[in-house]
Each structure stands twice: as structure tokens, then as C-alpha cells.
Amino acid sequence: MALRRGFKSEAERIAARLREDLGVGAAQSVTPDNLAELLGVEIRSGDDLIPRSRFVALDELQPDAFSACTFRPSPDRVVIVFNPLSAPSRRTSDLAHEFAHILLDHDLSRIETLGDITFLSCDPIQEEEAAWLSGCLILPRPLLLAAVRRGATASDIAKRHGVSETMARYRLNVTGVARQHAARRKGRASAG
């Protein structure tokens, strides 16, 4: 499924505007806590709301079935609930994904059932948009460019910004930064 024309640029602009609102440089990431404060969103661990054993049971039924979700208990209150079993690096991505849904004003549109658990989800196009914007929020292209120019690897970027190495590698590839950096190195090697 392809993103609509111009969406990737729009997502970069949204992420840049948020970094500006937070007083964070173009080559810096934002944290879920920064976003929560700016947007007035409450972040809660799922085991604050239901027993942790329910998450364990769900994970045994279908691993990674639940990562995070957004609730609007009232018009002026937005709460993101995350899976307490997720690694901190996964949690960063999951929370950024939920913030992307909020920023893009996505609606919960489908009722899903897994075992005896019923939940709402977004349509596939909205999921793809949120996935792209979340990457722009936590690993913006200017940050990736600056990092590779300093010699940072995907592993270095992941550790520094609290994301998985898979996410760092993905963003390096989809933004074209890895290809651009490789071409630049090749050009220097040919010239030298």
C-alpha cells in the first residue's frame, strides 16, 4: 500500500514543527515524554489499568498482538496505554506511533477481536501513515544525516535515541540517508 502523494514531506514538516515547538534542533529527536507534555497527553502502562497477567496471557495467545493504544475518555483528555511487557526501545516506537495517530487526527474505525479481548483499530492506510510519521518524530532525516556524518552506525543511533537497531536501520534506508552516505564515501574514495 502506498502513501498518498506528498505525505512523506508533510510528515517531515509536522515533525520539524513539533521539534521547533519543543525548542529542539532539526537534527534532534523528540522523546515520548516531550511529546506527551507538549500535546497534553497522558501516558500509562497497561498494568496500571489491568493485571499484568492479562498481558502475559495475550502475549502467549499471540505474541506482539498489543503494543499501545489511544483512548479519549473525555473531549479534553487523551491517554496512551502501552504494553508493559515491551522493551523500552519498542515502547519508544509504539508511543511515537500513537502520537502520530493523534497528530494526524486518525479515528478508530474497526472493531477487532483476539480471543476474548475486543478492541478498536485504525485502517491500514492510517497505520501506514502513523508508521511513517512516528519514524520522522523519533529519527528525523536531519538527525540521521548528522549521525552518519559523524560515523555513527545503526547500532550507535539506536542506543543514543532509545530505539531498536532494526528501527534505526529501517529509517537509514527509507530516508535514503544510507544510500546517500555510501555514495558520498564512494565519491571520496574515487577522488582520493
# chains A, B, ... in the order shown; residues from 1 in each chain; ligands from 1
$ select_by_dssp --residues "region 122-184 of chain A" --states "helix (DSSP H, G or I)" --output "VMD selection string"
chain A and resid 124 to 138 141 to 149 154 to 161 165 to 174 177 to 184
$ residues_around --residues "region 161-163 of chain A" --least-positions-apart "5" --cutoff "7 Å" --atoms "only C-alpha atoms" --output "ChimeraX atom specification"
/A:89-90,92-93,168
$ residues_around --residues "Ala130 (chain A)" --least-positions-apart "3" --cutoff "8 Å" --atoms "only C-alpha atoms" --output "list in words"
His97, Glu98, Ala100, His101, Leu104, Gln126, Glu127, Leu133 and Ser134 of chain A
$ write_last_selection --atoms "N, CA and C atoms" --output "mmCIF file, in the first residue's frame"
data_model
loop_
_atom_site.group_PDB
_atom_site.id
_atom_site.type_symbol
_atom_site.label_atom_id
_atom_site.label_comp_id
_atom_site.auth_asym_id
_atom_site.auth_seq_id
_atom_site.Cartn_x
_atom_site.Cartn_y
_atom_site.Cartn_z
ATOM 1 N N HIS A 97 4.253 6.008 17.515
ATOM 2 C CA HIS A 97 3.204 5.607 16.577
ATOM 3 C C HIS A 97 1.839 6.132 17.041
ATOM 4 N N GLU A 98 1.559 6.009 18.326
ATOM 5 C CA GLU A 98 0.279 6.511 18.851
ATOM 6 C C GLU A 98 0.214 8.033 18.768
ATOM 7 N N ALA A 100 1.597 9.772 16.503
ATOM 8 C CA ALA A 100 1.353 10.046 15.088
ATOM 9 C C ALA A 100 -0.141 9.954 14.778
ATOM 10 N N HIS A 101 -0.809 8.927 15.307
ATOM 11 C CA HIS A 101 -2.266 8.832 15.099
ATOM 12 C C HIS A 101 -2.968 10.086 15.639
ATOM 13 N N LEU A 104 -2.249 13.152 13.428
ATOM 14 C CA LEU A 104 -2.928 13.042 12.135
ATOM 15 C C LEU A 104 -4.446 12.975 12.274
ATOM 16 N N GLN A 126 -4.185 4.412 7.476
ATOM 17 C CA GLN A 126 -3.844 5.215 8.651
ATOM 18 C C GLN A 126 -2.683 4.596 9.412
ATOM 19 N N GLU A 127 -2.623 3.285 9.473
ATOM 20 C CA GLU A 127 -1.497 2.616 10.148
ATOM 21 C C GLU A 127 -0.188 2.926 9.433
ATOM 22 N N LEU A 133 5.097 8.724 10.045
ATOM 23 C CA LEU A 133 5.260 9.919 10.881
ATOM 24 C C LEU A 133 6.000 9.588 12.172
ATOM 25 N N SER A 134 5.738 8.446 12.767
ATOM 26 C CA SER A 134 6.433 8.097 14.018
ATOM 27 C C SER A 134 7.935 8.021 13.793
#
$ select_by_dssp --residues "chain A" --states "strand (DSSP E or B)" --output "list in words"
Val41, Glu42, Ile43, Arg44, Ser45, Ala68, Cys69, Thr70, Phe71, Arg72, Pro73, Ser74, Arg77, Val78, Val79, Ile80, Val81, Phe82, Arg110, Ile111, Glu112, Thr113, Leu114, Ile117, Thr118, Phe119, Leu120 and Ser121 of chain A
$ write_last_selection --atoms "N, CA, C and O atoms" --output "CSV table (one decimal), in the first residue's frame"
chain,number,residue,atom,x,y,z
A,41,VAL,N,-1.0,14.9,26.6
A,41,VAL,CA,-1.4,13.5,26.5
A,41,VAL,C,-0.8,12.8,27.7
A,41,VAL,O,0.3,13.0,28.1
A,42,GLU,N,-1.6,11.9,28.3
A,42,GLU,CA,-1.2,11.1,29.5
A,42,GLU,C,-0.7,9.8,29.0
A,42,GLU,O,-1.3,9.2,28.1
A,43,ILE,N,0.4,9.3,29.5
A,43,ILE,CA,1.0,8.0,29.1
A,43,ILE,C,0.8,7.1,30.3
A,43,ILE,O,1.3,7.4,31.4
A,44,ARG,N,0.3,5.9,30.1
A,44,ARG,CA,0.1,5.0,31.2
A,44,ARG,C,0.5,3.6,30.8
A,44,ARG,O,0.3,3.1,29.6
A,45,SER,N,1.1,2.8,31.7
A,45,SER,CA,1.4,1.5,31.5
A,45,SER,C,0.1,0.7,31.6
A,45,SER,O,-0.7,0.9,32.5
A,68,ALA,N,0.3,-0.7,21.9
A,68,ALA,CA,-0.1,0.5,22.5
A,68,ALA,C,-1.5,0.9,21.9
A,68,ALA,O,-1.8,0.5,20.8
A,69,CYS,N,-2.2,1.7,22.6
A,69,CYS,CA,-3.5,2.2,22.0
A,69,CYS,C,-3.8,3.6,22.7
A,69,CYS,O,-3.2,3.9,23.7
A,70,THR,N,-4.6,4.3,22.0
A,70,THR,CA,-5.0,5.7,22.4
A,70,THR,C,-6.5,5.7,22.8
A,70,THR,O,-7.3,5.1,22.1
A,71,PHE,N,-6.8,6.2,24.0
A,71,PHE,CA,-8.2,6.4,24.4
A,71,PHE,C,-8.5,7.9,24.6
A,71,PHE,O,-7.6,8.7,24.9
A,72,ARG,N,-9.7,8.2,24.3
A,72,ARG,CA,-10.2,9.6,24.6
A,72,ARG,C,-11.3,9.5,25.6
A,72,ARG,O,-12.5,9.5,25.1
A,73,PRO,N,-11.0,9.4,26.9
A,73,PRO,CA,-12.1,9.2,27.9
A,73,PRO,C,-13.0,10.4,28.0
A,73,PRO,O,-14.2,10.2,28.4
A,74,SER,N,-12.6,11.5,27.6
A,74,SER,CA,-13.4,12.7,27.5
A,74,SER,C,-12.8,13.7,26.4
A,74,SER,O,-11.7,13.5,26.0
A,77,ARG,N,-9.3,14.9,27.3
A,77,ARG,CA,-8.4,14.0,27.9
A,77,ARG,C,-8.0,12.9,26.9
A,77,ARG,O,-8.9,12.3,26.4
A,78,VAL,N,-6.7,12.8,26.7
A,78,VAL,CA,-6.2,11.7,25.8
A,78,VAL,C,-5.2,10.9,26.5
A,78,VAL,O,-4.3,11.5,27.2
A,79,VAL,N,-5.3,9.6,26.5
A,79,VAL,CA,-4.5,8.7,27.2
A,79,VAL,C,-3.9,7.7,26.3
A,79,VAL,O,-4.7,7.0,25.5
A,80,ILE,N,-2.6,7.5,26.3
A,80,ILE,CA,-2.0,6.4,25.5
A,80,ILE,C,-1.6,5.3,26.6
A,80,ILE,O,-1.0,5.6,27.6
A,81,VAL,N,-2.0,4.1,26.3
A,81,VAL,CA,-1.7,3.0,27.2
A,81,VAL,C,-0.7,2.1,26.4
A,81,VAL,O,-1.0,1.7,25.2
A,82,PHE,N,0.4,1.7,27.0
A,82,PHE,CA,1.4,0.8,26.3
A,82,PHE,C,1.5,-0.5,27.0
A,82,PHE,O,1.1,-0.7,28.2
A,110,ARG,N,-12.3,0.3,13.3
A,110,ARG,CA,-12.7,-1.1,13.1
A,110,ARG,C,-12.7,-1.8,14.5
A,110,ARG,O,-11.8,-1.5,15.3
A,111,ILE,N,-13.6,-2.7,14.7
A,111,ILE,CA,-13.7,-3.5,15.9
A,111,ILE,C,-12.9,-4.8,15.6
A,111,ILE,O,-13.2,-5.4,14.6
A,112,GLU,N,-12.0,-5.1,16.4
A,112,GLU,CA,-11.2,-6.4,16.3
A,112,GLU,C,-11.4,-7.2,17.5
A,112,GLU,O,-11.7,-6.7,18.6
A,113,THR,N,-11.3,-8.5,17.3
A,113,THR,CA,-11.4,-9.4,18.5
A,113,THR,C,-10.2,-10.4,18.4
A,113,THR,O,-9.9,-11.0,17.4
A,114,LEU,N,-9.6,-10.6,19.6
A,114,LEU,CA,-8.5,-11.6,19.7
A,114,LEU,C,-8.8,-12.4,21.0
A,114,LEU,O,-8.7,-11.8,22.1
A,117,ILE,N,-10.8,-10.8,23.9
A,117,ILE,CA,-10.5,-9.4,24.0
A,117,ILE,C,-10.9,-8.7,22.7
A,117,ILE,O,-10.6,-9.1,21.6
A,118,THR,N,-11.7,-7.6,22.9
A,118,THR,CA,-12.2,-6.8,21.8
A,118,THR,C,-11.6,-5.4,21.9
A,118,THR,O,-11.4,-4.9,22.9
A,119,PHE,N,-11.1,-4.9,20.7
A,119,PHE,CA,-10.5,-3.6,20.7
A,119,PHE,C,-10.8,-3.0,19.3
A,119,PHE,O,-11.3,-3.6,18.4
A,120,LEU,N,-10.5,-1.7,19.3
A,120,LEU,CA,-10.6,-0.9,18.1
A,120,LEU,C,-9.3,-0.7,17.4
A,120,LEU,O,-8.3,-0.6,18.1
A,121,SER,N,-9.3,-0.6,16.1
A,121,SER,CA,-8.0,-0.4,15.4
A,121,SER,C,-8.3,0.6,14.2
A,121,SER,O,-9.4,0.8,13.8
$ atom_distance --atom1 "CA of Glu129 (chain A)" --atom2 "CA of Leu18 (chain A)"
16.8 Å
$ closest_residue --among "A:Cys136, A:Ala189, A:Leu95, A:Ala16" --to "Val174 (chain A)" --atoms "only C-alpha atoms"
A:Cys136
$ closest_residue --among "A:Leu85, A:Leu22, A:Ala158, A:Leu39" --to "Arg54 (chain A)" --atoms "only C-alpha atoms"
A:Leu85
$ atom_distance --atom1 "CA of His106 (chain A)" --atom2 "CA of Ser9 (chain A)"
18.3 Å
$ residues_around --residues "Phe55 (chain A)" --least-positions-apart "4" --cutoff "12 Å" --atoms "only C-alpha atoms" --output "VMD selection string"
chain A and resid 45 to 51 59 to 68 82 to 86 117
$ residues_around --residues "region 24-26 of chain A" --least-positions-apart "3" --cutoff "9 Å" --atoms "only C-alpha atoms" --output "list of chain:residue names"
A:Ala16, A:Leu18, A:Arg19, A:Glu20, A:Asp21, A:Ser29, A:Val30, A:Pro140, A:Arg141, A:Pro142, A:Leu143
$ atom_distance --atom1 "CA of Ala182 (chain A)" --atom2 "CA of Arg17 (chain A)"
29.2 Å
$ residues_around --residues "Arg171 (chain A)" --least-positions-apart "2" --cutoff "10 Å" --atoms "only C-alpha atoms" --output "PDB file with N, CA, C and O atoms, in the first residue's frame"
ATOM      1  N   TRP A 132       4.959   5.963   9.293  1.00  0.00           N
ATOM      2  CA  TRP A 132       5.922   6.873   8.672  1.00  0.00           C
ATOM      3  C   TRP A 132       6.168   8.093   9.565  1.00  0.00           C
ATOM      4  O   TRP A 132       7.323   8.472   9.809  1.00  0.00           O
ATOM      5  N   GLY A 135       8.351   7.493  12.652  1.00  0.00           N
ATOM      6  CA  GLY A 135       9.778   7.463  12.329  1.00  0.00           C
ATOM      7  C   GLY A 135      10.354   8.861  12.192  1.00  0.00           C
ATOM      8  O   GLY A 135      11.470   9.131  12.642  1.00  0.00           O
ATOM      9  N   CYS A 136       9.581   9.759  11.582  1.00  0.00           N
ATOM     10  CA  CYS A 136      10.020  11.158  11.437  1.00  0.00           C
ATOM     11  C   CYS A 136      10.165  11.835  12.798  1.00  0.00           C
ATOM     12  O   CYS A 136      11.019  12.703  12.983  1.00  0.00           O
ATOM     13  N   ILE A 138      10.865  10.299  15.847  1.00  0.00           N
ATOM     14  CA  ILE A 138      11.942   9.789  16.708  1.00  0.00           C
ATOM     15  C   ILE A 138      13.303   9.740  16.036  1.00  0.00           C
ATOM     16  O   ILE A 138      14.322   9.851  16.705  1.00  0.00           O
ATOM     17  N   LEU A 139      13.324   9.594  14.708  1.00  0.00           N
ATOM     18  CA  LEU A 139      14.598   9.591  13.981  1.00  0.00           C
ATOM     19  C   LEU A 139      14.441  10.417  12.697  1.00  0.00           C
ATOM     20  O   LEU A 139      14.376   9.884  11.592  1.00  0.00           O
ATOM     21  N   PRO A 140      14.371  11.748  12.846  1.00  0.00           N
ATOM     22  CA  PRO A 140      14.200  12.594  11.664  1.00  0.00           C
ATOM     23  C   PRO A 140      15.412  12.520  10.736  1.00  0.00           C
ATOM     24  O   PRO A 140      16.528  12.230  11.174  1.00  0.00           O
ATOM     25  N   ARG A 141      15.186  12.766   9.478  1.00  0.00           N
ATOM     26  CA  ARG A 141      16.248  12.673   8.479  1.00  0.00           C
ATOM     27  C   ARG A 141      17.469  13.532   8.829  1.00  0.00           C
ATOM     28  O   ARG A 141      18.604  13.057   8.719  1.00  0.00           O
ATOM     29  N   LEU A 144      19.590  11.715  11.275  1.00  0.00           N
ATOM     30  CA  LEU A 144      20.287  10.583  10.672  1.00  0.00           C
ATOM     31  C   LEU A 144      21.481  11.045   9.842  1.00  0.00           C
ATOM     32  O   LEU A 144      22.565  10.455   9.918  1.00  0.00           O
ATOM     33  N   ALA A 154      24.039   2.138  12.695  1.00  0.00           N
ATOM     34  CA  ALA A 154      22.642   1.945  13.114  1.00  0.00           C
ATOM     35  C   ALA A 154      22.596   1.588  14.596  1.00  0.00           C
ATOM     36  O   ALA A 154      21.727   2.068  15.328  1.00  0.00           O
ATOM     37  N   GLU A 165      17.676  -1.350  16.999  1.00  0.00           N
ATOM     38  CA  GLU A 165      18.600  -1.261  15.872  1.00  0.00           C
ATOM     39  C   GLU A 165      17.845  -1.472  14.553  1.00  0.00           C
ATOM     40  O   GLU A 165      18.159  -0.859  13.543  1.00  0.00           O
ATOM     41  N   THR A 166      16.827  -2.302  14.589  1.00  0.00           N
ATOM     42  CA  THR A 166      16.000  -2.537  13.402  1.00  0.00           C
ATOM     43  C   THR A 166      15.349  -1.233  12.952  1.00  0.00           C
ATOM     44  O   THR A 166      15.319  -0.922  11.758  1.00  0.00           O
ATOM     45  N   MET A 167      14.825  -0.460  13.908  1.00  0.00           N
ATOM     46  CA  MET A 167      14.194   0.824  13.576  1.00  0.00           C
ATOM     47  C   MET A 167      15.227   1.793  13.005  1.00  0.00           C
ATOM     48  O   MET A 167      14.962   2.480  12.007  1.00  0.00           O
ATOM     49  N   ALA A 168      16.399   1.864  13.620  1.00  0.00           N
ATOM     50  CA  ALA A 168      17.438   2.767  13.128  1.00  0.00           C
ATOM     51  C   ALA A 168      17.851   2.392  11.703  1.00  0.00           C
ATOM     52  O   ALA A 168      17.965   3.264  10.829  1.00  0.00           O
ATOM     53  N   ARG A 169      18.052   1.112  11.454  1.00  0.00           N
ATOM     54  CA  ARG A 169      18.425   0.644  10.122  1.00  0.00           C
ATOM     55  C   ARG A 169      17.318   0.951   9.103  1.00  0.00           C
ATOM     56  O   ARG A 169      17.584   1.414   7.991  1.00  0.00           O
ATOM     57  N   ASN A 173      17.556   3.478   5.825  1.00  0.00           N
ATOM     58  CA  ASN A 173      17.272   3.003   4.468  1.00  0.00           C
ATOM     59  C   ASN A 173      16.130   3.760   3.804  1.00  0.00           C
ATOM     60  O   ASN A 173      16.265   4.214   2.666  1.00  0.00           O
ATOM     61  N   VAL A 174      14.988   3.904   4.488  1.00  0.00           N
ATOM     62  CA  VAL A 174      13.824   4.516   3.828  1.00  0.00           C
ATOM     63  C   VAL A 174      13.982   6.012   3.584  1.00  0.00           C
ATOM     64  O   VAL A 174      13.343   6.562   2.688  1.00  0.00           O
ATOM     65  N   THR A 175      14.818   6.672   4.366  1.00  0.00           N
ATOM     66  CA  THR A 175      15.048   8.106   4.150  1.00  0.00           C
ATOM     67  C   THR A 175      16.090   8.357   3.067  1.00  0.00           C
ATOM     68  O   THR A 175      16.277   9.494   2.638  1.00  0.00           O
ATOM     69  N   GLY A 176      16.787   7.295   2.642  1.00  0.00           N
ATOM     70  CA  GLY A 176      17.836   7.443   1.640  1.00  0.00           C
ATOM     71  C   GLY A 176      19.167   7.870   2.223  1.00  0.00           C
ATOM     72  O   GLY A 176      20.145   8.035   1.492  1.00  0.00           O
ATOM     73  N   VAL A 177      19.238   8.048   3.529  1.00  0.00           N
ATOM     74  CA  VAL A 177      20.470   8.508   4.162  1.00  0.00           C
ATOM     75  C   VAL A 177      21.594   7.489   3.987  1.00  0.00           C
ATOM     76  O   VAL A 177      22.734   7.854   3.678  1.00  0.00           O
ATOM     77  N   ALA A 178      21.308   6.204   4.140  1.00  0.00           N
ATOM     78  CA  ALA A 178      22.342   5.177   3.990  1.00  0.00           C
ATOM     79  C   ALA A 178      22.902   5.195   2.574  1.00  0.00           C
ATOM     80  O   ALA A 178      24.121   5.164   2.368  1.00  0.00           O
TER      81      ALA A 178
END
